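Worksheet: one structure, shown below.
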Number of protein chains: 2
Amino acid sequence: MTQDFVENEHCMRCAQRHASVFCTAHADHLEEINLSRICSEYKKGQVIFNEGAHPFGVYCINEGKIKISHKGQDGREVIIRLAKPGDLMGYKALLSGNRYHASAVALEDCSVCFIPRDLILNIIKKDNSLSMGMLNLLSSQLRVAETQVAHLAQKPVRERLAEALLFIRETYGMEQDNCTLNVRLSRDEIANIVGTATESTIRLLSEFKKDGIIELEGKKIKVLDYNKLTRTANLQD
Amino acid sequence: MTQDFVENEHCMRCAQRHASVFCTAHADHLEEINLSRICSEYKKGQVIFNEGAHPFGVYCINEGKIKISHKGQDGREVIIRLAKPGDLMGYKALLSGNRYHASAVALEDCSVCFIPRDLILNIIKKDNSLSMGMLNLLSSQLRVAETQVAHLAQKPVRERLAEALLFIRETYGMEQDNCTLNVRLSRDEIANIVGTATESTIRLLSEFKKDGIIELEGKKIKVLDYNKLTRTANLQD
DNA sequence: TCCTGATTATGATAAAAATCAGGTTTATAG
DNA sequence: CTATAAACCTGATTTTTATCATAATCAGGA
């Protein structure tokens with residue numbers, strides 16, 4: 001179960017470049033990164049990094065979807081983040097000098113670039129634009145995390161599930177039909193995003209279906225009534 | 001209800017300097033900050049900044065304790081953070097280019113320095129040590145926020161309350177007697193830290209008292225059995 | 001292809017926590 | 001000092017959500 005090393009497109013020509021925090025980084029620095037990075041492919045279900053391990057660099061997603069999750073009480077998983085091409089992973093541990101607090105697992109076959117620790121830290125230090133970008137990224141994520149704390153504390157499961165579906169849609173977008181969520185997640189994984197029991201998630205998804213909000217077909221989820229879903233999520237902030 | 005302007009100690013000689021993210025900042029930059037900052041005093045209960053407002057700079061706490069809280073569903077408060085002397089406030093909004101997502105309210109009489117937006121952003125840009133410090137700070141806070149998400153999703157209220165008491169102790173320390181928590185919070189505020197109903201908090205605090213874990217005397221909380229409190233919190237990460 | 005384990009589904013039950021209702025104490029403004 | 005509101009406390013009740021149990025379906029490997 002080890003990944004394959006591959007030769008990805010040059011960083012400067014990476015399709016994800018303008019979707020990433022590197023969009024404003026200096027060209028010379030991207031050149032440096034390009035020289036030292038190590039690209040690998042991971043099959044669905046493979047682990048990119050593991051909770052508890054020491055970080056030796058950061059990962060930049062070239063292709064594929066990845067879940068970042070944390071094992072809590074009695075091994076129950078909490079999904080902290082859904083990552084997509086262009087996203088960085090593992091910078092939190094690196095920048096705070098801690099071990100990984102969560103694991104990254106491929107939700108589908110992926111292509112990921114690894115950038116060694118010293119290189120990326122040096123570049124962040126000398127590239128103002130990149131470090132401001134990182135500050136911006138972390139601030140935004142902190143805001144999201146705090147909103148999530150508020151919602152977990154105050155919103156019922158039904159609203160949180162609706163919100164999670166909107167969040168998944170926001171993150172991964174939709175398929176050609178413009179309504180099927182462009183990712184396959186198990187009911188269990190959805191429950192671990194919402195922070196609830198799997199059975200509750202299954203039950204509420206059935207209700208949403210009965211209410212004509214969504215359509216279910218195995219792991220495919222179609223959003224039939226976006227407005228109703230938004231109203232069900234009862235967002236106000 | 002407006003604050004008084006005051007003349008605080010020079011930033012270089014500030015008692016909080018070495019407890020703050022400015023501890024490694026360049027002396028020249030502290031000098032600049034010192035020249036432009038505006039210091040004010042706030043009475044207990046006064047608002048330092050308000051959710052929804054645009055940030056015009058960051059606040060650095062010189063003296064006193066401050067709660068940072070967010071108004072969620074039907075006006076119910078969630079306390080996001082407890083801040084103490086040396087802490088910065090309002091940088092998240094500033095760095096992510098958003099409005100304040102939470103309000104800051106004095107838990108007791110406070111002395112706070114305000115550093116204007118452009119000045120602090122410029123200094124962060126040119127002071128590598130400070131920007132790395134900020135990255136470290138944000139990464140650590142993000143980690144804490146994610147842990148809180150996991151706990152809200154998985155831990156029962158009793159454990160979360162015990163954890164909150166440990167957190168308060170960690171943040172504000174204890175009085176001379178070495179067991180009274182060095183802050184006065186209402187039951188309602190504690191509930192808003194834990195993310196539960198006020199009555200549940202009151203009930204559980206009474207239980208903790210009955211179990212000999214704590215002693216209650218109005219808003220004073222004495223931790224009698226620290227080990228038992230830790231065990232009640234059932235921490236494992 | 002068939003077998004086997006995992007996932008999905010649904011009902012019944014139990015547990016946890018919120019809400020409601022009341023009385024008491026404490027703090028505060030006049 | 002007193003009036004009044006706010007905060008605190010406790011019990012009863014209801015709501016929400018988790019857990020348990022069991023069946024059906026699906027997916028992947030021999």
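Just so we're on the same page: first chain in the structure tokens is A, next is B, and so on; residues restart at 1 for each chain, and ligands are numbered from 1 in the order they show up.
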>> At a cut-off of 10 Å, which residues of chain A touch chain D? Count only C-alpha atoms (C1' of nucleotides) and give the answer as a PyMOL selection string.
In response: chain A and resi 156-157+196-200+218
Excluding same-chain residues fewer than 6 positions from A:Lys65, what lies within 9 Å of it counting only C-alpha atoms (C1' of nucleotides), as a JSON list (two decimals) with C-alpha atoms, in the first residue's frame?
[["chain", "number", "residue", "atom", "x", "y", "z"],
["A", 82, "LEU", "CA", -12.64, 18.49, 2.72],
["A", 83, "ALA", "CA", -9.71, 19.36, 0.49],
["A", 84, "LYS", "CA", -9.60, 19.78, -3.28],
["A", 85, "PRO", "CA", -7.05, 20.48, -6.02],
["A", 105, "VAL", "CA", -7.15, 10.15, 3.38],
["A", 106, "ALA", "CA", -7.87, 10.08, -0.36],
["A", 107, "LEU", "CA", -11.59, 10.06, -1.16],
["A", 108, "GLU", "CA", -10.69, 9.09, -4.72],
["A", 109, "ASP", "CA", -7.48, 8.55, -6.69],
["A", 110, "CYS", "CA", -5.26, 11.56, -6.13],
["A", 172, "TYR", "CA", -16.64, 20.15, -4.69],
["A", 183, "VAL", "CA", -18.18, 13.52, -4.62]]
>> Which residue is closest to B:Cys39? Choose from B:Ser206, B:Asn98, B:Asn62, B:Thr180 and count only C-alpha atoms.
In response: B:Asn62
>> I'd like to know which of A:Ala153, A:Ile48, A:Ile80, A:Leu165 is closest to chain C, using only C-alpha atoms (C1' of nucleotides).
In response: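 For chain C, the nearest of the given residues is A:Ala153.
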>> as number ranges by chain, please: every residue in stretch 105-145 of chain B that DSSP puts in strand (DSSP E or B).
In response: B: 105-106, 110-116
>> Rounded to one decimal, what separation in Å do you get between atom CA of A:Leu235 and atom CA of B:Gln141?
In response: 24.5 Å
> What's the 10 Å shell around A:Lys222, counting only C-alpha atoms (C1' of nucleotides), without same-chain residues fewer than 4 positions away, as a ChimeraX atom specification?
Replying inline: /A:174-175,177-182,209,213-217,226
Those same residues - N, CA and C atoms - I'd like them written as a compact mmCIF listing (two decimals), in the first residue's frame.
# COMPACT_ATOMS: atom_id res chain seq x y z
N MET A 174 -20.69 20.52 -8.58
CA MET A 174 -21.65 19.53 -9.04
C MET A 174 -21.22 18.90 -10.35
N GLU A 175 -21.84 17.79 -10.68
CA GLU A 175 -21.54 17.11 -11.94
C GLU A 175 -22.22 17.83 -13.10
N ASP A 177 -24.77 17.37 -14.78
CA ASP A 177 -26.22 17.58 -14.70
C ASP A 177 -26.59 18.80 -13.84
N ASN A 178 -25.57 19.41 -13.22
CA ASN A 178 -25.78 20.64 -12.44
C ASN A 178 -26.60 20.43 -11.17
N CYS A 179 -26.72 19.18 -10.72
CA CYS A 179 -27.39 19.00 -9.44
C CYS A 179 -26.84 17.86 -8.59
N THR A 180 -26.10 16.93 -9.18
CA THR A 180 -25.50 15.85 -8.40
C THR A 180 -24.20 16.32 -7.74
N LEU A 181 -24.11 16.17 -6.44
CA LEU A 181 -22.88 16.57 -5.74
C LEU A 181 -21.71 15.77 -6.29
N ASN A 182 -20.63 16.48 -6.57
CA ASN A 182 -19.50 15.90 -7.28
C ASN A 182 -18.51 15.19 -6.35
N LYS A 209 -35.30 13.58 1.27
CA LYS A 209 -35.76 12.99 0.02
C LYS A 209 -37.29 13.04 -0.07
N ILE A 213 -36.34 17.61 -1.32
CA ILE A 213 -35.16 18.48 -1.32
C ILE A 213 -34.02 17.84 -2.08
N ILE A 214 -33.85 16.54 -1.88
CA ILE A 214 -32.77 15.82 -2.55
C ILE A 214 -33.30 14.53 -3.16
N GLU A 215 -32.44 13.92 -3.95
CA GLU A 215 -32.73 12.62 -4.55
C GLU A 215 -31.53 11.75 -4.21
N LEU A 216 -31.79 10.50 -3.78
CA LEU A 216 -30.68 9.62 -3.40
C LEU A 216 -30.59 8.45 -4.37
N GLU A 217 -29.36 8.12 -4.74
CA GLU A 217 -29.15 6.98 -5.64
C GLU A 217 -27.81 6.39 -5.25
N TYR A 226 -32.66 23.59 -4.25
CA TYR A 226 -31.58 24.30 -3.56
C TYR A 226 -32.12 25.32 -2.56
>> As an exercise, work out the distance from atom CA of B:Arg187 to atom CA of B:Arg158 in Å and give it to one decimal place.
In response: 14.4 Å
Proximity of chain B to chain A: per-residue shortest pair, 7 Å limit, only C-alpha atoms, as CSV:
residue,atom,partner,partner_atom,distance
B:Gly72,CA,A:Ala150,CA,6.6
B:Gln73,CA,A:Gln154,CA,6.6
B:Val78,CA,A:Ala150,CA,6.0
B:Ile80,CA,A:Glu146,CA,6.8
B:Lys92,CA,A:Ser139,CA,5.0
B:Leu95,CA,A:Asn136,CA,5.2
B:Ser96,CA,A:Asn136,CA,4.6
B:Lys125,CA,A:Asn128,CA,5.8
B:Asn128,CA,A:Lys125,CA,5.8
B:Leu135,CA,A:Leu135,CA,6.1
B:Asn136,CA,A:Ser96,CA,4.6
B:Leu138,CA,A:Leu138,CA,6.2
B:Ser139,CA,A:Lys92,CA,5.0
B:Ser140,CA,A:Ser96,CA,5.6
B:Leu142,CA,A:Leu142,CA,5.3
B:Ala145,CA,A:Ala145,CA,6.0
B:Glu146,CA,A:Ala145,CA,6.5
B:Gln148,CA,A:Val149,CA,7.0
B:Val149,CA,A:Val149,CA,5.5
B:Ala150,CA,A:Val78,CA,6.0
B:Leu152,CA,A:Leu152,CA,6.4
B:Ala153,CA,A:Gly195,CA,4.7
B:Gln154,CA,A:Gln73,CA,6.6
B:Gly195,CA,A:Ala153,CA,4.7
B:Thr196,CA,A:Ala153,CA,6.7
For the residues in the current selection, export C-alpha atoms as an mmCIF file, in the first residue's frame.
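Output below, filename again-v7.cif:
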data_model
loop_
_atom_site.group_PDB
_atom_site.id
_atom_site.type_symbol
_atom_site.label_atom_id
_atom_site.label_comp_id
_atom_site.auth_asym_id
_atom_site.auth_seq_id
_atom_site.Cartn_x
_atom_site.Cartn_y
_atom_site.Cartn_z
ATOM 1 C CA GLY B 72 -25.769 32.846 16.933
ATOM 2 C CA GLN B 73 -29.253 31.423 16.625
ATOM 3 C CA VAL B 78 -21.248 31.522 22.010
ATOM 4 C CA ILE B 80 -15.271 31.865 21.153
ATOM 5 C CA LYS B 92 -8.624 37.536 12.241
ATOM 6 C CA LEU B 95 -6.084 39.551 7.982
ATOM 7 C CA SER B 96 -8.962 37.876 6.202
ATOM 8 C CA LYS B 125 4.726 42.444 6.048
ATOM 9 C CA ASN B 128 9.508 38.182 9.277
ATOM 10 C CA LEU B 135 1.283 32.269 11.509
ATOM 11 C CA ASN B 136 2.198 30.215 14.539
ATOM 12 C CA LEU B 138 -3.219 31.341 14.000
ATOM 13 C CA SER B 139 -2.178 27.733 13.418
ATOM 14 C CA SER B 140 -2.350 26.998 17.107
ATOM 15 C CA LEU B 142 -7.032 26.728 14.467
ATOM 16 C CA ALA B 145 -10.871 25.370 17.372
ATOM 17 C CA GLU B 146 -10.808 22.032 15.551
ATOM 18 C CA GLN B 148 -13.360 22.026 20.143
ATOM 19 C CA VAL B 149 -15.405 21.006 17.119
ATOM 20 C CA ALA B 150 -14.490 17.376 17.764
ATOM 21 C CA LEU B 152 -18.728 19.375 20.766
ATOM 22 C CA ALA B 153 -19.569 16.631 18.303
ATOM 23 C CA GLN B 154 -18.600 13.750 20.552
ATOM 24 C CA GLY B 195 -22.183 25.251 24.432
ATOM 25 C CA THR B 196 -25.097 24.132 26.552
#
> Which one of A:Val112, A:Leu119, A:Ile33, A:Leu130 sits closest to A:Phe56 if you count only C-alpha atoms?
Replying inline: A:Leu119
>> What does the structure give for the distance between atom CA of B:Gly45 and atom CA of B:Cys14, in Å to one decimal?
In response: 24.6 Å
> For chain C, which residues have at least one atom within 9 Å of chain A, if we go by only C-alpha atoms (C1' of nucleotides)? Write them as a list of chain:residue names, please.
Replying inline: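 Using only C-alpha atoms (C1' of nucleotides), chain C residues at most 9 Å from chain A: C:DT7, C:DT8, C:DA9, C:DT10.
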Could you write those residues out with C-alpha atoms (C1' of nucleotides), as a PDB file, in the first residue's frame?
ATOM      1  C1'  DT C   7     -23.216  -0.328   4.088  1.00  0.00           C
ATOM      2  C1'  DT C   8     -27.864   1.297   4.103  1.00  0.00           C
ATOM      3  C1'  DA C   9     -32.262   1.374   6.021  1.00  0.00           C
ATOM      4  C1'  DT C  10     -35.979   1.460   9.563  1.00  0.00           C
TER       5       DT C  10
END
>> Using DSSP assignments from the backbone, pull out every residue in chain A that falls under alpha helix (DSSP H) and give it to me as an MDAnalysis selection string.
In response: chainID A and resid 27:36 91:96 117:126 128:154 157:172 187:194 198:210 226:233
